[in-house]
Amino acid sequence: MRNLWDITAKRHLTKHPTEKPEELLERIILLGSKEGDTILDPFMGSGTTGVVAKRLNRNFIGIEIDEEFFDMAKERIEKG
């Protein structure tokens, strides 16, 4: 993997203002972990990291202070 990543911008899947592209999180998770590892996201937002972690067979712990976004993320992660 090169040092410069080209990632095509995509429309947000949720109404969270800082949602990240799944492709970005996939690259980060693949670089920094292996199957079965646990991914921690202390600012879970809309749950993109959790969705990708689950897809890549990682455990996931997410923390979100905003109840609305927590509920959104939980539902999104459970659906996969």
# chains A, B, ... in the order shown; residues from 1 in each chain; ligands from 1
$ select_by_dssp --residues "chain A" --states "alpha helix (DSSP H)" --output "MDAnalysis selection string"
chainID A and resid 22:32 48:55 67:79
$ residues_around --residues "Glu64 (chain A)" --least-positions-apart "5" --cutoff "10 Å" --atoms "only C-alpha atoms" --output "PDB file with N, CA and C atoms, in the first residue's frame"
ATOM      1  N   ASP A  41     -13.272   2.460  19.041  1.00  0.00           N
ATOM      2  CA  ASP A  41     -13.573   3.778  18.467  1.00  0.00           C
ATOM      3  C   ASP A  41     -14.218   4.616  19.570  1.00  0.00           C
ATOM      4  N   PRO A  42     -13.440   5.497  20.226  1.00  0.00           N
ATOM      5  CA  PRO A  42     -13.978   6.267  21.348  1.00  0.00           C
ATOM      6  C   PRO A  42     -14.900   7.419  20.936  1.00  0.00           C
ATOM      7  N   PHE A  43     -15.022   7.665  19.645  1.00  0.00           N
ATOM      8  CA  PHE A  43     -15.917   8.700  19.124  1.00  0.00           C
ATOM      9  C   PHE A  43     -16.697   8.087  17.970  1.00  0.00           C
ATOM     10  N   MET A  44     -17.587   7.155  18.268  1.00  0.00           N
ATOM     11  CA  MET A  44     -18.198   6.250  17.297  1.00  0.00           C
ATOM     12  C   MET A  44     -19.043   6.929  16.235  1.00  0.00           C
ATOM     13  N   GLY A  45     -19.653   8.049  16.550  1.00  0.00           N
ATOM     14  CA  GLY A  45     -20.463   8.752  15.552  1.00  0.00           C
ATOM     15  C   GLY A  45     -21.518   7.865  14.936  1.00  0.00           C
ATOM     16  N   SER A  46     -21.480   7.710  13.611  1.00  0.00           N
ATOM     17  CA  SER A  46     -22.512   6.946  12.905  1.00  0.00           C
ATOM     18  C   SER A  46     -22.192   5.457  12.821  1.00  0.00           C
ATOM     19  N   GLY A  47     -21.032   5.032  13.332  1.00  0.00           N
ATOM     20  CA  GLY A  47     -20.729   3.605  13.417  1.00  0.00           C
ATOM     21  C   GLY A  47     -19.975   3.004  12.243  1.00  0.00           C
ATOM     22  N   PHE A  69     -26.933   9.482  17.966  1.00  0.00           N
ATOM     23  CA  PHE A  69     -25.921   8.861  17.108  1.00  0.00           C
ATOM     24  C   PHE A  69     -25.560   7.461  17.604  1.00  0.00           C
ATOM     25  N   PHE A  70     -25.568   7.263  18.931  1.00  0.00           N
ATOM     26  CA  PHE A  70     -25.301   5.925  19.464  1.00  0.00           C
ATOM     27  C   PHE A  70     -26.343   4.935  18.947  1.00  0.00           C
ATOM     28  N   ASP A  71     -27.609   5.313  19.039  1.00  0.00           N
ATOM     29  CA  ASP A  71     -28.685   4.427  18.562  1.00  0.00           C
ATOM     30  C   ASP A  71     -28.559   4.166  17.059  1.00  0.00           C
ATOM     31  N   ALA A  73     -25.787   4.269  15.255  1.00  0.00           N
ATOM     32  CA  ALA A  73     -24.617   3.422  15.034  1.00  0.00           C
ATOM     33  C   ALA A  73     -24.918   1.975  15.418  1.00  0.00           C
TER      34      ALA A  73
END
$ atom_distance --atom1 "CA of Glu35 (chain A)" --atom2 "CA of Lys10 (chain A)"
26.7 Å
$ residues_around --residues "Lys79 (chain A)" --least-positions-apart "4" --cutoff "12 Å" --atoms "only C-alpha atoms" --output "PyMOL selection string"
chain A and resi 47-48+50-52+54-55+72-75
$ closest_residue --among "A:Arg27, A:Pro21, A:Ala53, A:His16" --to "Asp66 (chain A)" --atoms "only C-alpha atoms"
A:His16
$ select_by_dssp --residues "region 2-55 of chain A" --states "strand (DSSP E or B)" --output "list in words"
Thr38, Ile39, Leu40 and Asp41 of chain A
$ residues_around --residues "Ala9 (chain A)" --least-positions-apart "2" --cutoff "10 Å" --atoms "only C-alpha atoms" --output "PDB file with N, CA, C and O atoms, in the first residue's frame"
ATOM      1  N   ASP A   6      -5.775   7.208  -2.772  1.00  0.00           N
ATOM      2  CA  ASP A   6      -6.851   7.834  -3.543  1.00  0.00           C
ATOM      3  C   ASP A   6      -8.149   7.152  -3.166  1.00  0.00           C
ATOM      4  O   ASP A   6      -8.306   5.952  -3.391  1.00  0.00           O
ATOM      5  N   ILE A   7      -9.047   7.908  -2.550  1.00  0.00           N
ATOM      6  CA  ILE A   7     -10.339   7.372  -2.148  1.00  0.00           C
ATOM      7  C   ILE A   7     -11.407   8.282  -2.726  1.00  0.00           C
ATOM      8  O   ILE A   7     -11.427   9.485  -2.463  1.00  0.00           O
ATOM      9  N   ARG A  11     -21.335  10.024  -1.069  1.00  0.00           N
ATOM     10  CA  ARG A  11     -22.369  10.649  -0.251  1.00  0.00           C
ATOM     11  C   ARG A  11     -22.445   9.968   1.102  1.00  0.00           C
ATOM     12  O   ARG A  11     -22.221   8.764   1.198  1.00  0.00           O
ATOM     13  N   HIS A  12     -22.751  10.722   2.117  1.00  0.00           N
ATOM     14  CA  HIS A  12     -22.921  10.155   3.455  1.00  0.00           C
ATOM     15  C   HIS A  12     -24.097   9.184   3.461  1.00  0.00           C
ATOM     16  O   HIS A  12     -25.112   9.418   2.796  1.00  0.00           O
ATOM     17  N   LYS A  20     -17.125   9.042   7.848  1.00  0.00           N
ATOM     18  CA  LYS A  20     -15.963   8.701   7.019  1.00  0.00           C
ATOM     19  C   LYS A  20     -16.348   7.631   6.001  1.00  0.00           C
ATOM     20  O   LYS A  20     -17.201   6.800   6.269  1.00  0.00           O
ATOM     21  N   PRO A  21     -15.660   7.593   4.859  1.00  0.00           N
ATOM     22  CA  PRO A  21     -15.933   6.549   3.875  1.00  0.00           C
ATOM     23  C   PRO A  21     -15.510   5.169   4.407  1.00  0.00           C
ATOM     24  O   PRO A  21     -14.446   5.040   5.026  1.00  0.00           O
ATOM     25  N   GLU A  23     -14.334   2.739   2.819  1.00  0.00           N
ATOM     26  CA  GLU A  23     -13.056   2.357   2.198  1.00  0.00           C
ATOM     27  C   GLU A  23     -11.863   2.855   3.024  1.00  0.00           C
ATOM     28  O   GLU A  23     -10.858   2.153   3.172  1.00  0.00           O
TER      29      GLU A  23
END
$ closest_residue --among "A:Ile61, A:Leu4, A:Leu56, A:Arg76" --to "Leu30 (chain A)" --atoms "only C-alpha atoms"
A:Leu56
$ residues_around --residues "Asp37 (chain A)" --least-positions-apart "5" --cutoff "10 Å" --atoms "only C-alpha atoms" --output "PyMOL selection string"
chain A and resi 29+32+53+57-60
